[in-house]
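Structure file upload.csv with CSV, C-alpha atoms and all ligand atoms:
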```
chain,number,residue,atom,x,y,z
G,212,MET,CA,3.2,-13.8,42.3
G,213,SER,CA,3.6,-13.3,46.0
G,214,LEU,CA,3.4,-16.5,48.0
G,215,PRO,CA,1.4,-16.9,51.2
G,216,THR,CA,3.1,-17.6,54.5
G,217,HIS,CA,0.1,-19.7,55.7
G,218,PHE,CA,-2.8,-21.6,54.2
G,219,THR,CA,-6.2,-21.4,55.9
G,220,LEU,CA,-7.8,-24.8,56.7
G,221,ASN,CA,-11.5,-25.5,56.4
G,222,ASN,CA,-11.9,-25.1,60.2
G,223,GLY,CA,-10.4,-21.6,60.1
G,224,LYS,CA,-7.1,-22.6,61.6
G,225,LYS,CA,-3.9,-21.7,59.8
G,226,ILE,CA,-1.0,-23.9,58.7
G,227,PRO,CA,2.4,-22.5,57.8
G,228,SER,CA,3.0,-22.8,54.1
G,229,VAL,CA,6.2,-24.8,54.4
G,230,GLY,CA,6.9,-27.5,57.0
G,231,LEU,CA,10.0,-29.5,57.8
G,232,GLY,CA,9.8,-33.2,56.9
G,233,THR,CA,11.3,-35.8,59.2
G,234,TRP,CA,10.9,-39.2,57.5
G,235,GLN,CA,14.1,-41.2,57.0
G,236,SER,CA,16.1,-38.8,59.1
G,237,PRO,CA,18.9,-40.8,60.7
G,238,PRO,CA,18.3,-41.4,64.4
G,239,GLY,CA,20.1,-38.9,66.5
G,240,GLN,CA,20.0,-36.1,63.8
G,241,VAL,CA,16.3,-35.2,64.0
G,242,ARG,CA,16.5,-33.3,67.3
G,243,ASP,CA,19.1,-30.9,65.9
G,244,ALA,CA,17.4,-30.6,62.6
G,245,VAL,CA,14.1,-29.6,64.3
G,246,GLU,CA,15.9,-27.1,66.6
G,247,ALA,CA,17.8,-25.7,63.6
G,248,ALA,CA,14.6,-25.4,61.6
G,249,ILE,CA,12.7,-23.6,64.3
G,250,ARG,CA,15.7,-21.2,64.8
G,251,ALA,CA,15.7,-20.6,61.0
G,252,GLY,CA,12.0,-19.6,61.2
G,253,TYR,CA,10.1,-22.8,60.5
G,254,ARG,CA,6.9,-23.1,62.6
G,255,HIS,CA,5.6,-26.4,61.1
G,256,ILE,CA,7.1,-29.9,61.7
G,257,ASP,CA,5.7,-33.0,59.9
G,258,CYS,CA,6.2,-36.3,61.7
G,259,ALA,CA,4.5,-39.7,62.1
G,260,TRP,CA,4.3,-42.5,64.6
G,261,GLY,CA,5.8,-44.7,61.9
G,262,TYR,CA,9.0,-42.5,61.6
G,263,GLN,CA,9.9,-43.6,65.2
G,264,ASN,CA,11.4,-40.2,65.9
G,265,GLU,CA,8.6,-38.3,67.7
G,266,HIS,CA,10.7,-38.1,70.8
G,267,GLU,CA,13.5,-36.3,68.9
G,268,VAL,CA,11.0,-33.9,67.4
G,269,GLY,CA,9.7,-33.1,70.8
G,270,GLU,CA,13.2,-32.6,72.2
G,271,GLY,CA,14.1,-30.3,69.2
G,272,ILE,CA,10.9,-28.2,69.8
G,273,LYS,CA,11.8,-27.8,73.5
G,274,ALA,CA,15.5,-27.0,72.8
G,275,SER,CA,14.4,-24.2,70.4
G,276,GLY,CA,12.9,-22.3,73.3
G,277,VAL,CA,9.9,-21.2,71.0
G,278,PRO,CA,6.6,-21.6,72.8
G,279,ARG,CA,4.7,-24.7,71.9
G,280,GLU,CA,1.6,-22.8,70.7
G,281,GLU,CA,3.6,-21.1,68.0
G,282,ILE,CA,4.6,-24.3,66.4
G,283,PHE,CA,2.3,-26.5,64.1
G,284,VAL,CA,3.0,-30.2,64.9
G,285,THR,CA,1.6,-33.0,62.8
G,286,SER,CA,1.7,-36.8,63.4
G,287,LYS,CA,0.0,-39.7,61.8
G,288,LEU,CA,-2.0,-42.8,62.7
G,289,PHE,CA,-0.1,-45.8,61.5
G,290,GLU,CA,-1.6,-48.6,59.3
G,291,PHE,CA,-1.8,-51.2,62.1
G,292,HIS,CA,-3.5,-48.8,64.5
G,293,HIS,CA,-6.7,-48.5,62.5
G,294,ASN,CA,-8.8,-50.7,64.8
G,295,PRO,CA,-11.1,-48.3,66.5
G,296,GLU,CA,-10.0,-49.4,70.0
G,297,HIS,CA,-6.3,-48.6,69.1
G,298,VAL,CA,-6.8,-45.0,67.9
G,299,ARG,CA,-6.8,-43.5,71.4
G,300,LYS,CA,-3.8,-45.7,72.5
G,301,ALA,CA,-1.9,-44.5,69.4
G,302,ILE,CA,-2.5,-40.8,69.9
G,303,ASN,CA,-1.6,-41.2,73.6
G,304,HIS,CA,1.6,-43.0,72.7
G,305,SER,CA,2.5,-40.2,70.1
G,306,LEU,CA,1.8,-37.4,72.6
G,307,SER,CA,3.8,-39.0,75.3
G,308,ARG,CA,6.8,-39.6,72.9
G,309,PHE,CA,6.6,-35.9,71.8
G,310,GLY,CA,6.2,-34.7,75.4
G,311,LEU,CA,3.2,-32.7,74.1
G,312,GLU,CA,-0.4,-32.2,75.3
G,313,TYR,CA,-2.0,-31.9,71.9
G,314,LEU,CA,-1.2,-32.1,68.2
G,315,ASP,CA,-2.1,-29.5,65.6
G,316,LEU,CA,-2.9,-32.1,63.0
G,317,TYR,CA,-3.4,-35.8,63.1
G,318,LEU,CA,-3.5,-37.6,59.8
G,319,MET,CA,-4.7,-41.1,58.8
G,320,HIS,CA,-1.3,-42.0,57.3
G,321,TRP,CA,-2.6,-44.5,54.7
G,322,PRO,CA,-6.2,-45.4,53.6
G,323,VAL,CA,-5.2,-49.1,54.1
G,324,ALA,CA,-5.6,-50.8,57.5
G,325,LEU,CA,-3.3,-53.6,58.5
G,326,GLU,CA,-4.3,-56.4,60.9
G,327,PRO,CA,-2.2,-55.7,64.1
G,328,GLU,CA,-0.2,-58.2,66.0
G,329,VAL,CA,-2.0,-57.8,69.3
G,330,LYS,CA,-0.1,-58.5,72.6
G,331,GLY,CA,-2.4,-58.1,75.6
G,332,ASP,CA,-3.7,-54.5,76.1
G,333,ASP,CA,-0.6,-52.9,74.7
G,334,LEU,CA,-0.5,-50.7,71.6
G,335,PRO,CA,0.3,-53.1,68.7
G,336,LEU,CA,3.9,-52.5,67.5
G,337,ALA,CA,3.8,-54.6,64.3
G,338,PRO,CA,1.3,-55.9,61.7
G,339,LYS,CA,0.2,-59.5,61.5
G,340,LYS,CA,2.0,-61.3,58.7
G,341,LYS,CA,0.6,-63.7,56.1
G,342,ALA,CA,2.3,-67.0,55.1
G,343,ASN,CA,4.1,-65.2,52.3
G,344,GLY,CA,5.6,-62.7,54.8
G,345,LYS,CA,3.5,-59.7,53.6
G,346,PRO,CA,1.4,-57.8,56.2
G,347,GLN,CA,-2.3,-58.9,56.3
G,348,VAL,CA,-4.7,-56.2,55.2
G,349,ASN,CA,-8.0,-55.7,57.1
G,350,LYS,CA,-10.2,-55.3,54.0
G,351,ASP,CA,-13.3,-54.1,55.9
G,352,LEU,CA,-11.5,-51.2,57.6
G,353,SER,CA,-9.6,-50.3,54.4
G,354,ASP,CA,-12.7,-50.3,52.1
G,355,ASN,CA,-14.5,-48.3,54.7
G,356,VAL,CA,-12.3,-46.0,56.9
G,357,LEU,CA,-15.3,-44.5,58.7
G,358,PRO,CA,-15.1,-46.5,62.0
G,359,THR,CA,-11.5,-45.4,62.3
G,360,TRP,CA,-12.3,-41.8,61.3
G,361,ARG,CA,-15.1,-41.6,63.9
G,362,GLU,CA,-12.5,-42.3,66.6
G,363,MET,CA,-10.2,-39.6,65.2
G,364,GLU,CA,-13.2,-37.1,65.3
G,365,LYS,CA,-13.5,-37.8,69.0
G,366,LEU,CA,-9.9,-36.7,69.5
G,367,VAL,CA,-10.8,-33.3,68.1
G,368,ASP,CA,-13.8,-33.1,70.5
G,369,GLU,CA,-11.6,-33.8,73.4
G,370,GLY,CA,-8.9,-31.3,72.4
G,371,LEU,CA,-6.1,-33.9,71.9
G,372,VAL,CA,-5.8,-32.8,68.3
G,373,LYS,CA,-6.8,-29.5,66.8
G,374,SER,CA,-7.5,-30.8,63.3
G,375,ILE,CA,-7.7,-34.1,61.5
G,376,GLY,CA,-6.8,-35.0,58.0
G,377,ILE,CA,-5.9,-37.8,55.6
G,378,SER,CA,-2.9,-38.9,53.7
G,379,ASN,CA,-2.4,-41.0,50.5
G,380,PHE,CA,-6.1,-40.8,49.7
G,381,ASN,CA,-7.2,-40.6,46.1
G,382,ILE,CA,-10.4,-38.7,45.0
G,383,ARG,CA,-12.7,-41.8,45.2
G,384,ARG,CA,-11.7,-42.6,48.8
G,385,THR,CA,-11.9,-39.0,49.9
G,386,ARG,CA,-15.3,-38.5,48.3
G,387,ALA,CA,-16.6,-41.6,50.2
G,388,LEU,CA,-15.3,-40.2,53.5
G,389,LEU,CA,-16.8,-36.7,52.8
G,390,LYS,CA,-20.2,-38.3,52.4
G,391,GLU,CA,-20.2,-39.7,55.9
G,392,CYS,CA,-17.8,-37.8,58.1
G,393,ARG,CA,-18.9,-35.4,60.9
G,394,ILE,CA,-15.6,-33.5,60.8
G,395,LYS,CA,-14.2,-32.9,57.4
G,396,PRO,CA,-10.5,-33.7,56.8
G,397,VAL,CA,-8.5,-30.4,56.6
G,398,THR,CA,-5.7,-31.7,54.4
G,399,ASP,CA,-4.7,-34.7,52.2
G,400,GLN,CA,-1.0,-35.3,52.4
G,401,VAL,CA,0.1,-36.9,49.1
G,402,GLU,CA,3.2,-37.3,47.0
G,403,LEU,CA,3.5,-34.0,44.9
G,404,SER,CA,6.8,-33.5,43.1
G,405,PHE,CA,8.1,-32.7,39.6
G,406,THR,CA,7.6,-36.3,38.6
G,407,CYS,CA,4.4,-36.8,40.5
G,408,PRO,CA,2.4,-33.5,40.0
G,409,GLN,CA,-1.1,-34.9,40.3
G,410,PRO,CA,-3.1,-31.9,38.9
G,411,ASP,CA,-6.5,-33.6,38.9
G,412,LEU,CA,-6.2,-34.5,42.6
G,413,ILE,CA,-5.0,-31.1,43.6
G,414,ALA,CA,-7.9,-29.3,41.7
G,415,TRP,CA,-10.5,-31.6,43.3
G,416,LEU,CA,-9.1,-31.2,46.8
G,417,LYS,CA,-9.0,-27.4,46.5
G,418,LYS,CA,-12.6,-27.4,45.1
G,419,ASN,CA,-13.6,-29.4,48.2
G,420,ASP,CA,-11.7,-27.0,50.6
G,421,ILE,CA,-9.1,-29.6,51.5
G,422,VAL,CA,-5.5,-28.3,51.5
G,423,PRO,CA,-3.2,-30.6,49.5
G,424,GLN,CA,0.1,-31.2,51.4
G,425,ALA,CA,3.1,-32.0,49.2
G,426,TYR,CA,5.3,-34.8,50.5
G,427,SER,CA,8.6,-35.7,48.8
G,428,PRO,CA,8.6,-32.2,47.1
G,429,LEU,CA,12.3,-32.6,46.2
G,430,GLY,CA,11.9,-36.1,44.9
G,431,SER,CA,12.8,-37.8,48.2
G,432,THR,CA,16.0,-39.4,49.3
G,433,GLY,CA,18.4,-40.1,46.5
G,434,ALA,CA,16.1,-38.8,43.8
G,435,SER,CA,16.7,-35.1,44.0
G,436,HIS,CA,14.9,-33.1,41.2
G,437,ALA,CA,16.9,-30.0,42.1
G,438,SER,CA,19.4,-30.4,39.3
G,439,LEU,CA,16.9,-31.3,36.5
G,440,LYS,CA,17.3,-29.0,33.5
G,441,GLU,CA,14.0,-27.0,33.8
G,442,ILE,CA,14.6,-26.5,37.5
G,443,ASP,CA,18.2,-25.5,37.1
G,444,THR,CA,17.5,-22.9,34.4
G,445,LEU,CA,14.9,-21.2,36.7
G,446,ALA,CA,17.2,-21.4,39.7
G,447,LYS,CA,20.0,-19.7,37.9
G,448,LYS,CA,17.6,-17.0,36.6
G,449,HIS,CA,16.4,-16.2,40.2
G,450,GLY,CA,19.9,-16.8,41.8
G,451,VAL,CA,18.6,-19.6,44.1
G,452,GLU,CA,19.0,-23.3,44.4
G,453,GLY,CA,16.9,-25.8,42.5
G,454,ALA,CA,15.2,-26.8,45.8
G,455,ASN,CA,13.9,-23.3,46.3
G,456,ILE,CA,12.2,-23.5,42.9
G,457,LEU,CA,10.6,-26.9,43.6
G,458,ILE,CA,9.3,-25.8,47.1
G,459,SER,CA,8.1,-22.4,45.8
G,460,TRP,CA,6.3,-24.0,42.9
G,461,GLN,CA,4.3,-26.2,45.3
G,462,VAL,CA,3.2,-23.2,47.4
G,463,ALA,CA,2.4,-21.3,44.2
G,464,ARG,CA,0.0,-24.1,43.1
G,465,GLY,CA,-1.7,-24.0,46.5
G,466,CYS,CA,0.1,-27.0,48.0
G,467,ASN,CA,1.8,-27.2,51.4
G,468,PRO,CA,5.4,-28.6,50.8
G,469,LEU,CA,7.2,-30.5,53.6
G,470,PRO,CA,10.9,-30.6,52.5
G,471,LYS,CA,13.0,-32.9,54.6
G,472,SER,CA,16.6,-32.2,55.5
G,473,VAL,CA,18.9,-32.9,58.4
G,474,THR,CA,21.5,-30.5,57.0
G,475,ALA,CA,21.4,-27.1,58.8
G,476,SER,CA,22.4,-25.1,55.7
G,477,ARG,CA,19.8,-26.8,53.5
G,478,ILE,CA,17.1,-26.4,56.2
G,479,ALA,CA,17.7,-22.7,56.3
G,480,ASN,CA,17.9,-22.4,52.5
G,481,ASN,CA,14.7,-24.4,51.9
G,482,ALA,CA,12.6,-21.9,53.8
G,483,LYS,CA,13.4,-19.1,51.3
G,484,LEU,CA,10.4,-18.8,48.9
G,485,VAL,CA,10.8,-17.4,45.4
G,486,ASN,CA,8.1,-15.2,43.9
G,487,LEU,CA,7.7,-17.1,40.6
G,488,THR,CA,5.7,-15.4,37.8
G,489,LYS,CA,2.5,-16.9,36.6
G,490,GLU,CA,4.2,-17.8,33.4
G,491,GLU,CA,7.0,-19.6,35.2
G,492,VAL,CA,4.5,-21.5,37.3
G,493,ASP,CA,2.6,-22.5,34.2
G,494,GLU,CA,5.9,-23.5,32.5
G,495,LEU,CA,6.8,-25.7,35.5
G,496,GLU,CA,3.4,-27.3,35.5
G,497,LYS,CA,3.7,-28.1,31.7
G,498,ALA,CA,7.2,-29.5,32.1
G,499,ALA,CA,6.2,-31.6,35.1
G,500,LEU,CA,3.3,-33.1,33.2
G,501,SER,CA,5.6,-34.0,30.3
G,502,GLN,CA,7.7,-36.2,32.6
G,503,GLN,CA,7.1,-39.9,33.0
G,504,LYS,CA,5.0,-40.1,36.1
G,505,LYS,CA,6.9,-41.8,38.9
G,506,ARG,CA,5.9,-42.3,42.5
G,507,VAL,CA,8.4,-42.8,45.3
G,508,CYS,CA,5.9,-44.0,47.8
G,509,ASP,CA,3.5,-46.8,46.9
G,510,GLN,CA,2.9,-49.8,49.2
G,511,SER,CA,0.3,-51.5,47.0
G,512,ASP,CA,2.6,-54.4,46.1
G,513,ASP,CA,3.8,-54.8,49.7
G,514,PHE,CA,0.2,-55.2,50.8
G,515,ASP,CA,-1.4,-56.7,47.7
G,516,TYR,CA,-3.9,-53.9,47.9
G,517,ASP,CA,-4.5,-51.2,45.2
G,518,ILE,CA,-4.0,-48.1,47.2
G,519,PHE,CA,-4.0,-45.4,44.5
G,520,GLU,CA,-6.3,-47.2,42.0
G,521,GLU,CA,-4.4,-45.4,39.2
G,522,ASN,CA,-5.0,-48.2,36.6
G,523,HIS,CA,-8.7,-48.6,37.5
G,524,PRO,CA,-10.8,-47.1,34.7
G,525,GLU,CA,-13.5,-45.7,37.0
G,526,ASN,CA,-11.6,-45.1,40.3
G,527,ASN,CA,-8.5,-43.3,39.1
G,528,ASP,CA,-8.3,-39.6,39.7
G,529,ALA,CA,-8.8,-38.5,36.1
G,530,ALA,CA,-12.1,-40.4,35.9
G,531,GLN,CA,-13.3,-39.4,39.4
G,532,ALA,CA,-12.4,-35.7,38.8
G,533,LYS,CA,-14.9,-35.7,35.9
G,534,LEU,CA,-17.7,-36.6,38.3
G,535,GLY,CA,-17.2,-33.2,39.9
A,601,LIG,P1,12.1,-34.8,50.1
A,601,LIG,O1,11.6,-34.7,48.7
A,601,LIG,O2,11.9,-33.7,51.1
A,601,LIG,O3,13.7,-35.0,49.9
A,601,LIG,C1,14.6,-35.2,51.0
A,601,LIG,C2,16.0,-35.4,50.4
A,601,LIG,O4,16.4,-34.2,49.8
A,601,LIG,C3,17.0,-35.7,51.5
A,601,LIG,O5,17.9,-36.7,51.0
A,601,LIG,C4,17.7,-34.4,51.8
A,601,LIG,O6,19.0,-34.6,52.2
A,601,LIG,C5,17.6,-33.8,50.4
A,601,LIG,N1,17.6,-32.3,50.4
A,601,LIG,C6,17.0,-31.5,51.3
A,601,LIG,N2,17.2,-30.2,50.9
A,601,LIG,C7,18.0,-30.2,49.8
A,601,LIG,C8,18.6,-29.2,49.1
A,601,LIG,N3,18.4,-27.9,49.4
A,601,LIG,N4,19.3,-29.5,48.0
A,601,LIG,C9,19.5,-30.8,47.7
A,601,LIG,N5,19.0,-31.8,48.4
A,601,LIG,C10,18.2,-31.5,49.5
A,601,LIG,O7,11.7,-36.2,50.6
A,601,LIG,P2,10.8,-37.0,51.7
A,601,LIG,O8,10.4,-38.2,51.0
A,601,LIG,O9,11.5,-37.1,53.0
A,601,LIG,O10,9.5,-36.1,51.8
A,601,LIG,C11,9.4,-35.0,52.7
A,601,LIG,C12,8.6,-35.3,53.9
A,601,LIG,O11,7.2,-35.6,53.6
A,601,LIG,C13,9.0,-36.5,54.8
A,601,LIG,O12,10.2,-36.3,55.5
A,601,LIG,C14,7.8,-36.7,55.6
A,601,LIG,O13,7.7,-35.8,56.6
A,601,LIG,C15,6.7,-36.5,54.6
A,601,LIG,N6,6.3,-37.7,53.9
A,601,LIG,C16,5.0,-38.2,54.1
A,601,LIG,C17,4.6,-39.4,53.5
A,601,LIG,C18,3.2,-39.9,53.8
A,601,LIG,O14,2.9,-41.1,53.5
A,601,LIG,N7,2.4,-39.1,54.3
A,601,LIG,C19,5.5,-40.2,52.6
A,601,LIG,C20,6.8,-39.6,52.4
A,601,LIG,C21,7.1,-38.4,53.0
A,601,LIG,P3,19.6,-34.2,53.7
A,601,LIG,O15,18.5,-34.6,54.7
A,601,LIG,O16,20.8,-35.2,53.8
A,601,LIG,O17,19.9,-32.8,53.7
```
If you convert what's in this file into structure tokens, what do you get?
Amino acid sequence: MSLPTHFTLNNGKKIPSVGLGTWQSPPGQVRDAVEAAIRAGYRHIDCAWGYQNEHEVGEGIKASGVPREEIFVTSKLFEFHHNPEHVRKAINHSLSRFGLEYLDLYLMHWPVALEPEVKGDDLPLAPKKKANGKPQVNKDLSDNVLPTWREMEKLVDEGLVKSIGISNFNIRRTRALLKECRIKPVTDQVELSFTCPQPDLIAWLKKNDIVPQAYSPLGSTGASHASLKEIDTLAKKHGVEGANILISWQVARGCNPLPKSVTASRIANNAKLVNLTKEEVDELEKAALSQQKKRVCDQSDDFDYDIFEENHPENNDAAQAKLG
């Protein structure tokens, strides 16, 4: 099956089918990683205010010499910036750190809003903590993200961002947003890997014309899936590395993988997609579903807030998907 170089978003804009991830990249190495990626042909960089490296991403883009308009840049609104009056300050802060005038995609990083530690008129730089040391959740703005989303919609109107989307949203939360939003999210960036395949969520998002973006497609730091038996067998058959199989599988299932690396050789290698057969894609899907499901990213315990609602009998994705 031949794989697309781009996915088309529900607003008609195009997003390159593989992007470079930049989370947990050691400070000082992201600039070179971004420059190497763009030189290797990437035109899509995934970043976030919370990664604290937007300035390095901006430097890498400039150093590549490739015109800004040819590169798709994503950043994300952090959890303690959900108060409507902080959204504009947060995007302005991100843009100034990147040294850019607009973003291609701005995501609500998590569906959960944290109470910010406010100091004067400045952009909050930390969450307010409870007596037990955990961040304090703003329940109203978490249970109903619309007031925050409305501010993100205004950023599109004003041209500060070309598209807006969500991240770490399950079906129930996305469905609630779709009922009320004026501008529909173009993507939902979620964990999609061999041990977290999430087929119900993917099918529902695609039905609703929202592109699923695959974070941690290789299993994230220290948990590489590239050497797992099923992956290794296919990699040997195609004469590629396990990472190429994992990344290509996500594209083949209509998802937008964001493999992270700060190693130039891996960055270049990860961009090579393999045309897997339909049978191979189906086999991978079956093998992934037979694994014990394991998430790398879940802050529910940190916040005492059930973000994914996986054990909720009505709100988990399998039950919500049945509602259509
Ligand atoms: P990945 O699944 O992309 O794995 C990254 C790890 O794999 C790094 O340790 C990297 O090492 C290693 N690696 C990269 N290429 C290869 C290769 N060819 N062979 C073997 N190992 C390899 O993990 P992430 O969790 O970083 O996810 C990717 C991106 O998704 C993030 O960087 C971020 O942009 C986004 N993300 C978004 C989240 C959200 O909440 N929206 C949450 C988590 C991630 P090295 O760098 O040393 O080469």
Residue nearest ligand LIG 601 (chain A) - candidates G:Lys365, G:Arg464, G:Arg242, G:Lys471, atoms counted: only C-alpha atoms and all ligand atoms: G:Lys471
Protein and nucleic residues near ligand LIG 601 (chain A), 8 Å, all atoms listed in the file, as a PyMOL selection string: chain G and resi 231-236+256-259+287+320-321+378-379+400-402+404+425-435+437+452-455+468-478+480-481+507-508
File dump, residues just selected, C-alpha atoms, as a compact mmCIF listing (two decimals), keeping the file's coordinate frame:
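What landed in selection_22.txt:
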```
# COMPACT_ATOMS: atom_id res chain seq x y z
CA LEU G 231 10.00 -29.50 57.80
CA GLY G 232 9.80 -33.20 56.90
CA THR G 233 11.30 -35.80 59.20
CA TRP G 234 10.90 -39.20 57.50
CA GLN G 235 14.10 -41.20 57.00
CA SER G 236 16.10 -38.80 59.10
CA ILE G 256 7.10 -29.90 61.70
CA ASP G 257 5.70 -33.00 59.90
CA CYS G 258 6.20 -36.30 61.70
CA ALA G 259 4.50 -39.70 62.10
CA LYS G 287 0.00 -39.70 61.80
CA HIS G 320 -1.30 -42.00 57.30
CA TRP G 321 -2.60 -44.50 54.70
CA SER G 378 -2.90 -38.90 53.70
CA ASN G 379 -2.40 -41.00 50.50
CA GLN G 400 -1.00 -35.30 52.40
CA VAL G 401 0.10 -36.90 49.10
CA GLU G 402 3.20 -37.30 47.00
CA SER G 404 6.80 -33.50 43.10
CA ALA G 425 3.10 -32.00 49.20
CA TYR G 426 5.30 -34.80 50.50
CA SER G 427 8.60 -35.70 48.80
CA PRO G 428 8.60 -32.20 47.10
CA LEU G 429 12.30 -32.60 46.20
CA GLY G 430 11.90 -36.10 44.90
CA SER G 431 12.80 -37.80 48.20
CA THR G 432 16.00 -39.40 49.30
CA GLY G 433 18.40 -40.10 46.50
CA ALA G 434 16.10 -38.80 43.80
CA SER G 435 16.70 -35.10 44.00
CA ALA G 437 16.90 -30.00 42.10
CA GLU G 452 19.00 -23.30 44.40
CA GLY G 453 16.90 -25.80 42.50
CA ALA G 454 15.20 -26.80 45.80
CA ASN G 455 13.90 -23.30 46.30
CA PRO G 468 5.40 -28.60 50.80
CA LEU G 469 7.20 -30.50 53.60
CA PRO G 470 10.90 -30.60 52.50
CA LYS G 471 13.00 -32.90 54.60
CA SER G 472 16.60 -32.20 55.50
CA VAL G 473 18.90 -32.90 58.40
CA THR G 474 21.50 -30.50 57.00
CA ALA G 475 21.40 -27.10 58.80
CA SER G 476 22.40 -25.10 55.70
CA ARG G 477 19.80 -26.80 53.50
CA ILE G 478 17.10 -26.40 56.20
CA ASN G 480 17.90 -22.40 52.50
CA ASN G 481 14.70 -24.40 51.90
CA VAL G 507 8.40 -42.80 45.30
CA CYS G 508 5.90 -44.00 47.80
```
Straight-line distance linking atom CA of G:Asn527 with atom CA of G:Arg383, stated in Å to one decimal: 7.6 Å
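The coordinates place atom CA of G:Gln263 at 21.4 Å from atom CA of G:Leu366.
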Radius query 9 Å about (-7.4, -44.0, 40.7), atoms used: only C-alpha atoms, as a ChimeraX atom specification: /G:381-383,517-531
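Atom pair atom CA of G:Trp460 / atom CA of G:Gly261 has a distance of 28.1 Å (rounded to one decimal).
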Counting all atoms listed in the file, the residue of G:Pro322, G:Pro358, G:Gly269, G:Gly344 that sits nearest G:Phe283: G:Gly269
Set out as CSV a contact list for stretch 226-284 of chain G and stretch 213-221 of chain G with a cut-off of 9 Å, giving each residue of stretch 226-284 of chain G that qualifies its closest atom pair and distance in Å to one decimal, counting all atoms listed in the file, ordered by chain and rising residue number.
```
residue,atom,partner,partner_atom,distance
G:Ile226,CA,G:His217,CA,5.3
G:Pro227,CA,G:His217,CA,4.2
G:Ser228,CA,G:His217,CA,4.5
G:Val229,CA,G:Thr216,CA,7.8
```
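Proximity to G:Gln409 was assessed for G:Lys448, G:His292, G:Arg506, G:Lys373 counting all atoms listed in the file; the smallest distance is recorded for G:Arg506.
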G:Arg361 environment, 12 Å, all atoms listed in the file, sequence neighbours closer than 6 positions dropped, as a PDB file with C-alpha atoms, in the coordinates of the input:
```pdb
ATOM      1  CA  HIS G 293      -6.700 -48.500  62.500  1.00  0.00           C
ATOM      2  CA  ASN G 294      -8.800 -50.700  64.800  1.00  0.00           C
ATOM      3  CA  PRO G 295     -11.100 -48.300  66.500  1.00  0.00           C
ATOM      4  CA  GLU G 296     -10.000 -49.400  70.000  1.00  0.00           C
ATOM      5  CA  VAL G 298      -6.800 -45.000  67.900  1.00  0.00           C
ATOM      6  CA  ARG G 299      -6.800 -43.500  71.400  1.00  0.00           C
ATOM      7  CA  MET G 319      -4.700 -41.100  58.800  1.00  0.00           C
ATOM      8  CA  ASN G 355     -14.500 -48.300  54.700  1.00  0.00           C
ATOM      9  CA  VAL G 367     -10.800 -33.300  68.100  1.00  0.00           C
ATOM     10  CA  ASP G 368     -13.800 -33.100  70.500  1.00  0.00           C
ATOM     11  CA  ILE G 375      -7.700 -34.100  61.500  1.00  0.00           C
ATOM     12  CA  LEU G 388     -15.300 -40.200  53.500  1.00  0.00           C
ATOM     13  CA  GLU G 391     -20.200 -39.700  55.900  1.00  0.00           C
ATOM     14  CA  CYS G 392     -17.800 -37.800  58.100  1.00  0.00           C
ATOM     15  CA  ARG G 393     -18.900 -35.400  60.900  1.00  0.00           C
ATOM     16  CA  ILE G 394     -15.600 -33.500  60.800  1.00  0.00           C
ATOM     17  CA  LYS G 395     -14.200 -32.900  57.400  1.00  0.00           C
ATOM     18  CA  PRO G 396     -10.500 -33.700  56.800  1.00  0.00           C
TER      19      PRO G 396
END
```
Residue nearest G:Lys483 among G:Leu457, G:Ala274, G:Leu445, G:Val329 (counting all atoms listed in the file): G:Leu457
Protein/DNA/RNA residues near (5.9, -51.8, 67.6), cut 12 Å, all atoms listed in the file, as a list of chain:residue names: G:Trp260, G:Gly261, G:Tyr262, G:Gln263, G:Phe289, G:Glu290, G:Phe291, G:His292, G:Ala301, G:His304, G:Pro327, G:Glu328, G:Val329, G:Lys330, G:Asp333, G:Leu334, G:Pro335, G:Leu336, G:Ala337, G:Pro338, G:Lys339
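For the choices G:Ser511, G:Thr444, G:Thr488, G:Ser305, the atom-to-atom distance to G:Ser459 is smallest for G:Thr488 when using only C-alpha atoms.
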Selection near G:Asp354, 10 Å with all atoms listed in the file, sequence-local residues under 5 positions removed, as a list in words: Pro322, Val323, Ala324, Asn349, Arg384 and Ala387 of chain G
Nearest-residue call for G:Lys417, choices G:Ile458, G:Ala498, G:Lys440, G:Gly465, using only C-alpha atoms: G:Gly465
Could stretch 409-415 of chain G be written out with N, CA and C atoms, as a compact mmCIF listing (two decimals), in the first residue's frame, please?
```txt
# COMPACT_ATOMS: atom_id res chain seq x y z
N GLN G 409 -5.18 1.84 20.44
CA GLN G 409 -6.41 2.64 20.49
C GLN G 409 -7.27 2.64 19.22
N PRO G 410 -7.65 1.45 18.71
CA PRO G 410 -8.41 1.42 17.44
C PRO G 410 -9.78 2.09 17.51
N ASP G 411 -10.48 2.01 18.66
CA ASP G 411 -11.81 2.64 18.74
C ASP G 411 -11.70 4.16 18.57
N LEU G 412 -10.73 4.72 19.27
CA LEU G 412 -10.53 6.17 19.20
C LEU G 412 -10.17 6.59 17.77
N ILE G 413 -9.26 5.86 17.16
CA ILE G 413 -8.83 6.22 15.79
C ILE G 413 -10.02 6.18 14.83
N ALA G 414 -10.81 5.10 14.89
CA ALA G 414 -11.94 4.96 13.96
C ALA G 414 -12.93 6.10 14.16
N TRP G 415 -13.19 6.45 15.43
CA TRP G 415 -14.17 7.51 15.72
C TRP G 415 -13.66 8.87 15.22
```
